[in-house]
>>> print(open('final-v3.csv').read())   # CSV, C-alpha atoms and all ligand atoms
chain,number,residue,atom,x,y,z
A,202,GLU,CA,136.7,91.5,189.9
A,203,GLY,CA,139.8,89.4,190.6
A,204,ARG,CA,137.8,87.1,192.8
A,205,GLU,CA,137.6,83.4,192.0
A,206,THR,CA,134.3,82.7,190.2
A,207,ARG,CA,132.9,79.4,189.3
A,208,LEU,CA,131.9,78.5,185.8
A,209,ARG,CA,128.2,78.6,185.4
A,210,VAL,CA,126.9,75.4,183.9
A,211,VAL,CA,123.4,74.9,182.7
A,212,LEU,CA,121.8,71.9,181.1
A,213,ARG,CA,119.3,71.7,178.2
A,214,VAL,CA,117.4,68.6,177.3
A,215,ARG,CA,116.0,68.6,173.8
A,216,PRO,CA,112.7,66.9,172.9
A,217,LEU,CA,112.7,63.5,171.3
A,218,THR,CA,113.0,63.9,167.5
A,219,CYS,CA,110.4,62.4,165.2
A,220,THR,CA,112.8,59.6,164.2
A,221,GLU,CA,113.4,58.8,167.9
A,222,THR,CA,109.7,58.8,168.7
A,223,ARG,CA,108.8,56.7,165.6
A,224,ARG,CA,111.3,53.9,166.5
A,225,GLY,CA,110.0,53.9,170.1
A,226,ASP,CA,112.9,55.3,172.0
A,227,ARG,CA,112.1,55.9,175.7
A,228,ARG,CA,112.8,59.1,177.6
A,229,VAL,CA,115.3,58.4,180.3
A,230,VAL,CA,116.0,61.9,181.5
A,231,HIS,CA,113.6,63.9,183.7
A,232,SER,CA,113.9,67.2,185.3
A,233,LEU,CA,113.2,67.2,189.0
A,234,GLY,CA,113.0,71.0,189.3
A,235,ASN,CA,115.5,73.2,191.3
A,236,GLY,CA,118.3,72.6,188.8
A,237,THR,CA,118.4,68.8,189.1
A,238,VAL,CA,117.8,66.1,186.6
A,239,HIS,CA,117.4,62.4,187.1
A,240,VAL,CA,118.5,59.7,184.7
A,241,SER,CA,116.9,56.3,185.0
A,242,ALA,CA,117.4,53.3,182.8
A,243,ASP,CA,118.0,49.6,183.3
A,244,ARG,CA,121.2,49.7,185.4
A,245,HIS,CA,121.5,53.4,185.8
A,246,ASP,CA,119.9,55.7,188.4
A,247,ALA,CA,121.6,59.0,188.9
A,248,THR,CA,120.8,62.6,189.8
A,249,PHE,CA,122.9,65.6,188.7
A,250,GLY,CA,122.6,69.3,189.7
A,251,PHE,CA,123.3,72.4,187.7
A,252,SER,CA,122.8,76.2,187.9
A,253,ALA,CA,119.7,75.6,185.8
A,254,VAL,CA,118.0,72.8,183.9
A,255,PHE,CA,115.9,73.5,180.8
A,256,ASP,CA,113.7,70.5,180.2
A,257,VAL,CA,112.1,69.3,176.9
A,258,GLY,CA,109.4,72.1,176.8
A,259,ALA,CA,111.7,75.0,177.5
A,260,SER,CA,111.5,77.8,174.9
A,261,GLN,CA,114.5,79.6,173.4
A,262,GLU,CA,113.5,82.7,175.3
A,263,ALA,CA,113.4,80.7,178.6
A,264,VAL,CA,116.9,79.5,178.0
A,265,PHE,CA,118.1,83.0,177.2
A,266,GLU,CA,116.5,84.5,180.3
A,267,GLY,CA,117.3,81.6,182.7
A,268,SER,CA,120.9,80.9,181.7
A,269,GLY,CA,122.4,84.2,182.9
A,270,MET,CA,123.1,85.2,179.3
A,271,ARG,CA,121.8,88.7,179.8
A,272,GLU,CA,124.2,89.2,182.7
A,273,LEU,CA,127.0,87.9,180.5
A,274,VAL,CA,126.3,90.5,177.8
A,275,GLU,CA,126.3,93.2,180.5
A,276,MET,CA,129.6,92.1,181.8
A,277,ALA,CA,131.1,92.1,178.3
A,278,ILE,CA,129.9,95.7,177.9
A,279,ASP,CA,131.6,96.4,181.2
A,280,GLY,CA,135.0,95.2,179.8
A,281,PHE,CA,135.1,91.6,180.8
A,282,SER,CA,136.0,88.7,178.4
A,283,CYS,CA,132.9,86.5,178.4
A,284,THR,CA,132.4,83.2,176.8
A,285,VAL,CA,129.5,80.9,176.3
A,286,PHE,CA,130.0,77.4,175.0
A,287,ALA,CA,127.7,74.7,174.0
A,288,PHE,CA,128.8,71.1,174.2
A,289,GLY,CA,127.3,67.6,174.0
A,290,GLN,CA,126.8,64.7,171.7
A,291,THR,CA,126.2,65.2,168.0
A,292,GLY,CA,122.5,66.0,167.4
A,293,SER,CA,122.0,67.0,171.1
A,294,GLY,CA,120.9,70.6,170.2
A,295,LYS,CA,124.0,72.7,170.5
A,296,THR,CA,123.6,74.6,167.3
A,297,TYR,CA,119.8,74.9,167.9
A,298,THR,CA,120.4,76.4,171.3
A,299,LEU,CA,123.0,78.9,170.1
A,300,MET,CA,121.5,79.9,166.8
A,301,GLY,CA,118.1,78.3,166.4
A,302,PRO,CA,117.2,76.5,163.2
A,303,LEU,CA,119.5,78.8,161.1
A,304,GLY,CA,118.1,79.8,157.8
A,305,GLN,CA,115.4,77.1,157.9
A,306,SER,CA,112.9,79.3,159.7
A,307,GLU,CA,112.2,82.9,160.1
A,308,ALA,CA,110.2,82.5,163.3
A,309,PRO,CA,111.6,85.0,165.8
A,310,GLU,CA,110.6,82.8,168.8
A,311,LEU,CA,113.1,80.2,167.6
A,312,LEU,CA,116.1,82.5,167.5
A,313,GLY,CA,118.9,81.2,169.6
A,314,LEU,CA,121.2,82.6,172.4
A,315,MET,CA,123.4,84.4,169.9
A,316,GLN,CA,120.8,86.4,168.1
A,317,ARG,CA,119.1,87.3,171.4
A,318,SER,CA,122.5,88.4,172.9
A,319,PHE,CA,123.2,90.6,169.8
A,320,ALA,CA,119.8,92.2,170.2
A,321,CYS,CA,120.4,92.8,173.9
A,322,LEU,CA,123.9,94.2,173.1
A,323,LEU,CA,122.6,96.6,170.5
A,324,GLU,CA,119.8,97.8,172.7
A,325,GLN,CA,122.2,98.5,175.5
A,326,SER,CA,124.6,100.2,173.0
A,327,ARG,CA,121.8,102.6,172.0
A,328,SER,CA,121.1,103.5,175.6
A,329,HIS,CA,124.8,103.8,176.4
A,330,GLY,CA,125.0,107.5,175.7
A,331,THR,CA,128.2,107.6,173.8
A,332,GLY,CA,127.4,104.3,172.1
A,333,LEU,CA,129.7,101.3,171.8
A,334,VAL,CA,132.0,100.4,169.0
A,335,LEU,CA,131.2,96.8,167.9
A,336,SER,CA,133.0,94.4,165.6
A,337,ALA,CA,132.9,90.7,165.1
A,338,SER,CA,135.2,87.9,164.0
A,339,TYR,CA,134.2,84.3,163.2
A,340,LEU,CA,136.5,81.3,162.9
A,341,GLU,CA,136.3,77.5,162.9
A,342,ILE,CA,138.7,74.8,163.9
A,343,TYR,CA,138.5,72.1,161.3
A,344,ASN,CA,140.9,69.2,161.3
A,345,GLU,CA,143.2,71.1,163.7
A,346,GLN,CA,143.4,74.1,161.4
A,347,VAL,CA,142.0,77.6,162.2
A,348,ARG,CA,140.0,79.0,159.3
A,349,ASP,CA,138.5,82.5,159.0
A,350,LEU,CA,134.8,82.1,158.3
A,351,LEU,CA,134.5,85.8,157.3
A,352,SER,CA,137.0,85.5,154.5
A,353,ALA,CA,135.9,84.4,151.0
A,354,VAL,CA,135.5,80.7,150.1
A,355,PRO,CA,137.5,78.6,150.8
A,356,PRO,CA,138.0,80.1,154.3
A,357,ARG,CA,141.6,81.3,154.8
A,358,THR,CA,143.8,79.3,157.2
A,359,LEU,CA,145.3,81.4,160.0
A,360,PRO,CA,148.2,80.9,162.4
A,361,LEU,CA,147.5,80.5,166.1
A,362,ARG,CA,150.3,82.2,168.1
A,363,TRP,CA,151.2,83.0,171.6
A,364,SER,CA,152.7,86.1,173.2
A,365,LYS,CA,153.3,87.0,176.8
A,366,ALA,CA,151.1,90.0,176.6
A,367,ARG,CA,148.1,88.5,174.7
A,368,GLY,CA,148.3,84.8,175.5
A,369,PHE,CA,147.1,82.6,172.6
A,370,TYR,CA,145.7,84.6,169.7
A,371,VAL,CA,144.9,84.1,166.1
A,372,GLU,CA,146.9,86.2,163.7
A,373,ASN,CA,145.4,88.2,160.7
A,374,GLN,CA,141.9,87.4,161.6
A,375,LEU,CA,139.3,89.5,159.9
A,376,SER,CA,137.2,91.7,162.1
A,377,VAL,CA,134.1,93.4,160.7
A,378,ASP,CA,132.4,96.5,162.3
A,379,PHE,CA,128.7,96.4,162.7
A,380,GLU,CA,126.0,98.7,163.9
A,381,SER,CA,122.8,96.9,163.4
A,382,LEU,CA,121.2,93.6,164.3
A,383,GLU,CA,120.6,92.8,160.6
A,384,ALA,CA,124.3,93.3,159.9
A,385,ILE,CA,125.6,90.9,162.6
A,386,ILE,CA,123.0,88.3,161.8
A,387,GLU,CA,124.1,88.4,158.2
A,388,LEU,CA,127.7,87.9,159.3
A,389,LEU,CA,126.6,84.9,161.4
A,390,LEU,CA,124.6,83.4,158.5
A,391,GLN,CA,127.4,83.9,155.9
A,392,GLY,CA,130.0,82.4,158.2
A,393,SER,CA,127.8,79.5,159.3
A,394,GLN,CA,127.2,78.6,155.6
A,395,ARG,CA,131.0,78.3,155.1
A,396,ARG,CA,131.3,75.9,158.1
A,397,ARG,CA,132.1,72.3,157.4
A,398,THR,CA,129.0,70.3,158.0
A,399,CYS,CA,128.0,66.9,156.8
A,400,ALA,CA,124.9,64.7,157.1
A,401,HIS,CA,125.3,61.4,158.8
A,402,ALA,CA,123.3,59.0,160.8
A,403,LEU,CA,122.9,61.1,163.9
A,404,ASN,CA,122.2,64.5,162.5
A,405,GLU,CA,121.2,65.8,159.0
A,406,HIS,CA,123.3,69.0,159.4
A,407,SER,CA,126.1,67.9,161.7
A,408,SER,CA,128.9,70.5,162.3
A,409,ARG,CA,132.2,69.0,161.6
A,410,SER,CA,134.2,71.8,163.1
A,411,HIS,CA,134.3,73.9,166.3
A,412,ALA,CA,133.1,77.5,165.5
A,413,VAL,CA,134.0,80.6,167.5
A,414,LEU,CA,132.2,83.9,167.0
A,415,THR,CA,133.7,86.8,169.0
A,416,VAL,CA,132.1,90.2,169.4
A,417,HIS,CA,134.6,92.9,170.4
A,418,ILE,CA,133.0,95.7,172.4
A,419,ARG,CA,134.8,99.0,172.9
A,420,SER,CA,133.2,101.9,174.8
A,421,ARG,CA,134.4,105.3,173.8
A,422,ALA,CA,136.2,107.1,176.6
A,423,VAL,CA,134.5,110.5,176.8
A,424,SER,CA,133.3,110.5,180.4
A,425,VAL,CA,133.6,114.0,181.9
A,426,ILE,CA,134.9,114.7,185.4
A,427,THR,CA,133.6,117.7,187.2
A,428,LEU,CA,135.7,118.8,190.2
A,429,GLN,CA,134.1,121.3,192.6
A,430,GLY,CA,134.5,124.8,191.4
A,431,LYS,CA,136.3,123.9,188.2
A,432,PRO,CA,135.0,123.6,184.6
A,433,PRO,CA,134.3,120.0,183.4
A,434,GLN,CA,137.4,118.1,182.3
A,435,PRO,CA,137.5,115.1,179.9
A,436,SER,CA,138.7,112.1,182.0
A,437,ALA,CA,142.0,110.4,181.1
A,438,CYS,CA,140.6,106.9,181.7
A,439,PRO,CA,140.9,104.6,178.7
A,440,GLY,CA,137.8,103.1,177.1
A,441,LYS,CA,136.7,99.6,178.2
A,442,GLN,CA,137.3,96.7,175.9
A,443,GLY,CA,135.3,93.6,176.4
A,444,THR,CA,134.6,90.5,174.4
A,445,LEU,CA,131.6,88.2,174.0
A,446,CYS,CA,132.5,84.9,172.6
A,447,PHE,CA,130.2,82.1,171.4
A,448,VAL,CA,131.7,78.6,170.9
A,449,ASP,CA,129.7,75.9,169.1
A,450,LEU,CA,131.7,72.7,169.7
A,451,ALA,CA,131.5,69.9,167.2
A,452,GLY,CA,129.8,67.0,168.9
A,453,SER,CA,131.5,64.1,170.4
A,454,GLU,CA,130.6,60.9,168.5
A,455,ARG,CA,131.4,57.3,168.4
A,456,VAL,CA,132.4,56.5,164.8
A,457,LYS,CA,130.3,53.3,164.8
A,458,ASP,CA,127.1,55.3,165.7
A,459,THR,CA,127.4,57.8,162.8
A,460,GLY,CA,128.5,55.3,160.2
A,461,SER,CA,131.5,57.5,159.3
A,462,THR,CA,134.2,56.1,157.1
A,463,GLY,CA,137.3,57.5,155.3
A,464,GLU,CA,137.6,61.3,155.4
A,465,LEU,CA,134.7,61.5,157.9
A,466,SER,CA,136.4,59.2,160.4
A,467,VAL,CA,139.6,61.3,160.2
A,468,GLU,CA,137.4,64.4,161.0
A,469,ALA,CA,135.7,62.5,163.8
A,470,ASN,CA,139.1,61.5,165.3
A,471,ASN,CA,140.3,65.1,165.2
A,472,ILE,CA,137.0,66.3,166.7
A,473,ASN,CA,137.2,63.7,169.4
A,474,ARG,CA,140.9,64.4,170.1
A,475,SER,CA,140.3,68.1,170.7
A,476,LEU,CA,137.2,67.3,172.9
A,477,LEU,CA,139.3,64.9,174.9
A,478,ALA,CA,142.0,67.6,175.3
A,479,LEU,CA,139.3,69.9,176.5
A,480,GLY,CA,137.9,67.3,178.9
A,481,HIS,CA,141.4,66.7,180.2
A,482,CYS,CA,142.0,70.5,180.9
A,483,ILE,CA,138.7,70.7,182.6
A,484,SER,CA,139.4,67.8,184.9
A,485,LEU,CA,142.7,69.4,185.9
A,486,LEU,CA,141.2,72.9,186.3
A,487,ALA,CA,138.5,71.4,188.5
A,488,LYS,CA,141.1,70.6,191.2
A,489,ALA,CA,141.7,73.1,193.9
A,490,ARG,CA,144.1,75.9,192.8
A,491,GLY,CA,146.9,74.7,195.2
A,492,LYS,CA,146.7,71.1,194.0
A,493,ARG,CA,146.8,71.9,190.3
A,494,THR,CA,149.5,70.7,188.0
A,495,HIS,CA,150.4,72.2,184.6
A,496,ILE,CA,147.3,72.6,182.4
A,497,PRO,CA,148.0,71.2,178.9
A,498,TYR,CA,146.3,73.9,176.8
A,499,ARG,CA,148.8,73.2,174.1
A,500,ASP,CA,147.4,69.8,173.4
A,501,SER,CA,144.9,71.1,170.8
A,502,LYS,CA,144.0,74.3,169.0
A,503,LEU,CA,140.6,74.3,170.7
A,504,THR,CA,142.1,74.3,174.2
A,505,ARG,CA,144.6,77.0,173.3
A,506,LEU,CA,141.8,79.3,172.1
A,507,LEU,CA,139.7,78.6,175.2
A,508,ALA,CA,142.6,79.0,177.7
A,509,ARG,CA,141.5,82.5,178.7
A,510,SER,CA,137.9,81.5,179.1
A,511,LEU,CA,138.6,78.4,181.2
A,512,GLY,CA,141.6,79.2,183.4
A,513,GLY,CA,142.2,82.9,182.9
A,514,PRO,CA,140.4,86.2,183.5
A,515,GLY,CA,137.2,85.3,181.7
A,516,VAL,CA,133.6,84.8,182.7
A,517,THR,CA,132.2,81.6,181.3
A,518,LEU,CA,128.8,80.0,180.8
A,519,MET,CA,128.7,76.4,179.7
A,520,VAL,CA,125.5,75.0,178.1
A,521,ALA,CA,125.5,71.2,178.2
A,522,CYS,CA,123.1,69.7,175.7
A,523,ILE,CA,121.6,66.2,175.9
A,524,SER,CA,119.1,64.0,174.2
A,525,PRO,CA,116.5,62.4,176.5
A,526,SER,CA,116.5,59.2,174.4
A,527,SER,CA,117.3,55.7,175.9
A,528,ARG,CA,119.5,55.1,172.8
A,529,CYS,CA,121.8,58.0,173.8
A,530,LEU,CA,122.2,56.9,177.4
A,531,SER,CA,126.0,56.4,177.5
A,532,GLU,CA,126.8,59.7,175.7
A,533,THR,CA,124.3,61.5,177.9
A,534,LEU,CA,125.9,60.2,181.1
A,535,SER,CA,129.3,61.2,179.8
A,536,THR,CA,128.1,64.7,179.0
A,537,LEU,CA,126.5,65.0,182.5
A,538,HIS,CA,129.7,63.8,184.2
A,539,TYR,CA,131.7,66.2,182.1
A,540,ALA,CA,129.4,69.1,182.9
A,541,SER,CA,129.3,68.3,186.6
A,542,ARG,CA,133.1,68.4,186.7
A,543,ALA,CA,133.1,71.7,184.9
A,544,ARG,CA,131.1,73.3,187.7
A,545,ARG,CA,134.2,73.1,189.9
A,546,VAL,CA,136.3,75.1,187.5
A,547,THR,CA,137.0,78.7,188.6
A,548,THR,CA,138.3,81.7,186.8
A,549,ARG,CA,139.4,85.2,188.0
A,550,PRO,CA,137.4,87.8,186.0
A,601,LIG,P1,124.0,69.6,167.4
A,601,LIG,O1,124.4,71.0,167.0
A,601,LIG,O2,124.3,69.3,168.8
A,601,LIG,O3,124.7,68.5,166.6
A,601,LIG,P2,121.5,70.4,166.4
A,601,LIG,O4,121.3,71.7,167.2
A,601,LIG,O5,121.8,70.5,165.0
A,601,LIG,O6,122.5,69.4,167.2
A,601,LIG,O7,120.1,69.6,166.7
A,601,LIG,C1,119.8,68.4,166.1
A,601,LIG,C2,118.3,68.3,165.6
A,601,LIG,O8,117.4,68.4,166.7
A,601,LIG,C3,118.0,69.5,164.7
A,601,LIG,O9,117.1,69.0,163.7
A,601,LIG,C4,117.3,70.5,165.6
A,601,LIG,O10,116.4,71.3,164.9
A,601,LIG,C5,116.6,69.6,166.6
A,601,LIG,N1,116.5,70.2,168.0
A,601,LIG,C6,117.6,70.4,168.8
A,601,LIG,N2,117.2,71.0,169.9
A,601,LIG,C7,115.8,71.2,169.8
A,601,LIG,C8,114.9,71.8,170.7
A,601,LIG,N3,115.2,72.3,171.9
A,601,LIG,N4,113.6,71.9,170.2
A,601,LIG,C9,113.3,71.4,169.0
A,601,LIG,N5,114.1,70.8,168.2
A,601,LIG,C10,115.4,70.7,168.5
A,602,MG,MG,125.9,71.6,165.6
>>> encode(input="final-v3.csv", output="structure tokens")
Amino acid sequence: EGRETRLRVVLRVRPLTCTETRRGDRRVVHSLGNGTVHVSADRHDATFGFSAVFDVGASQEAVFEGSGMRELVEMAIDGFSCTVFAFGQTGSGKTYTLMGPLGQSEAPELLGLMQRSFACLLEQSRSHGTGLVLSASYLEIYNEQVRDLLSAVPPRTLPLRWSKARGFYVENQLSVDFESLEAIIELLLQGSQRRRTCAHALNEHSSRSHAVLTVHIRSRAVSVITLQGKPPQPSACPGKQGTLCFVDLAGSERVKDTGSTGELSVEANNINRSLLALGHCISLLAKARGKRTHIPYRDSKLTRLLARSLGGPGVTLMVACISPSSRCLSETLSTLHYASRARRVTTRP
């Protein structure tokens, strides 16, 4: 607590898709074990290290168990603000890693980090004696607007404010209590269906927005203190309040690769702009604390919302997603550089 802690960064390499295999793309990314990957293609030859690397064959369960996600859930129950975010090129497997193939398959082995974390949380809640009070909120940032994914269609636009006590926060956001796994998964499904997605050349169901689902965890303060020789007294300590936040970033993309025009290219520019702002904040945060200048969180809604997770008192897990295909080489290298830089960022939980 209060000590500088590095961001935990793990890498997931998705398998080649049918389309990629059919057109004869080569695999240019290979795991070397021990958290390292090697990229080799014509003029490129580079090795990168992470806390963990999940190669092509890794199951959803292996990613959950090996990424430190379980520990993150436990810390959130303990009152910390925990965040996991997935980033990478469009079609690199971010949504798949977080949620699995949502709605398309009922196979439990394909459930993503989110559903597995919810299950873990509810299991812990049941064994927690007094139980935990759980609620969830779900929003998206679409074209630099914050929209409540739990409100009826069309999602309500919400103001993002700042106060000294709370930092950046979203005003009037709906928060729904839940007590069962079915209930929170239903919220996730409903909200995700309201998200702006669109099919384009790189991905049939590409997310056009950044989505943030936050689970608020309160433990009831009913611990009992027993002093020697005196009857038990209820303690005055307040309950703990933690959060567990999942961020599914819209993918970076080069407009020419996706064939986006008109409205789509406006979206792409907004997506790219906020990812650029995020990249900029990460580069500055990666410098030693003494050498840091002002961090421009205000440059985008996304960076404002992530300020606590990146530079504040949060505990953060980053899941970088890449495609192993030769055709994605330049985006893959940029994701790998971005992710390596993020490993130097520290927070003070
Ligand atoms: P993103 O959210 O990064 O744009 P998606 O998660 O939608 O990308 O993944 C793109 C496509 O690749 C989807 O059809 C998805 O089912 C598939 N895919 C992604 N990761 C994997 C994986 N680890 N195993 C199998 N298929 C995957
Ligand atoms: Mg997605």
>>> closest_residue(input="final-v3.csv", among="A:Lys492, A:Leu537, A:Leu530, A:Gly452", to="Arg244 (chain A)", atoms="only C-alpha atoms")
A:Leu530
>>> axis_aligned_box(input="final-v3.csv", around="ligand LIG 601 (chain A)", padding_each_side="4 Å", output="AutoDock Vina command-line options")
--center_x 119.0 --center_y 70.3 --center_z 167.8 --size_x 19.4 --size_y 12.0 --size_z 16.2
>>> residues_near_ligand(input="final-v3.csv", ligand="ligand LIG 601 (chain A)", cutoff="8 Å", atoms="only C-alpha atoms and all ligand atoms", output="MDAnalysis selection string")
chainID A and resid 213:216 218 257:261 288:299 301:302 404:408 449:452 522
>>> residues_around(input="final-v3.csv", residues="Arg317 (chain A)", least_positions_apart="3", cutoff="10 Å", atoms="only C-alpha atoms", output="JSON, numbers by chain")
{"A": [261, 262, 265, 266, 270, 271, 299, 300, 309, 310, 312, 313, 314, 320, 321, 322, 323, 382]}
>>> write_last_selection(input="final-v3.csv", atoms="C-alpha atoms", output="compact mmCIF listing (two decimals), in the coordinates of the input")
# COMPACT_ATOMS: atom_id res chain seq x y z
CA GLN A 261 114.50 79.60 173.40
CA GLU A 262 113.50 82.70 175.30
CA PHE A 265 118.10 83.00 177.20
CA GLU A 266 116.50 84.50 180.30
CA MET A 270 123.10 85.20 179.30
CA ARG A 271 121.80 88.70 179.80
CA LEU A 299 123.00 78.90 170.10
CA MET A 300 121.50 79.90 166.80
CA PRO A 309 111.60 85.00 165.80
CA GLU A 310 110.60 82.80 168.80
CA LEU A 312 116.10 82.50 167.50
CA GLY A 313 118.90 81.20 169.60
CA LEU A 314 121.20 82.60 172.40
CA ALA A 320 119.80 92.20 170.20
CA CYS A 321 120.40 92.80 173.90
CA LEU A 322 123.90 94.20 173.10
CA LEU A 323 122.60 96.60 170.50
CA LEU A 382 121.20 93.60 164.30
>>> closest_residue(input="final-v3.csv", among="A:Val347, A:Val210, A:Ile418, A:Leu335", to="Ile385 (chain A)", atoms="all atoms listed in the file")
A:Leu335
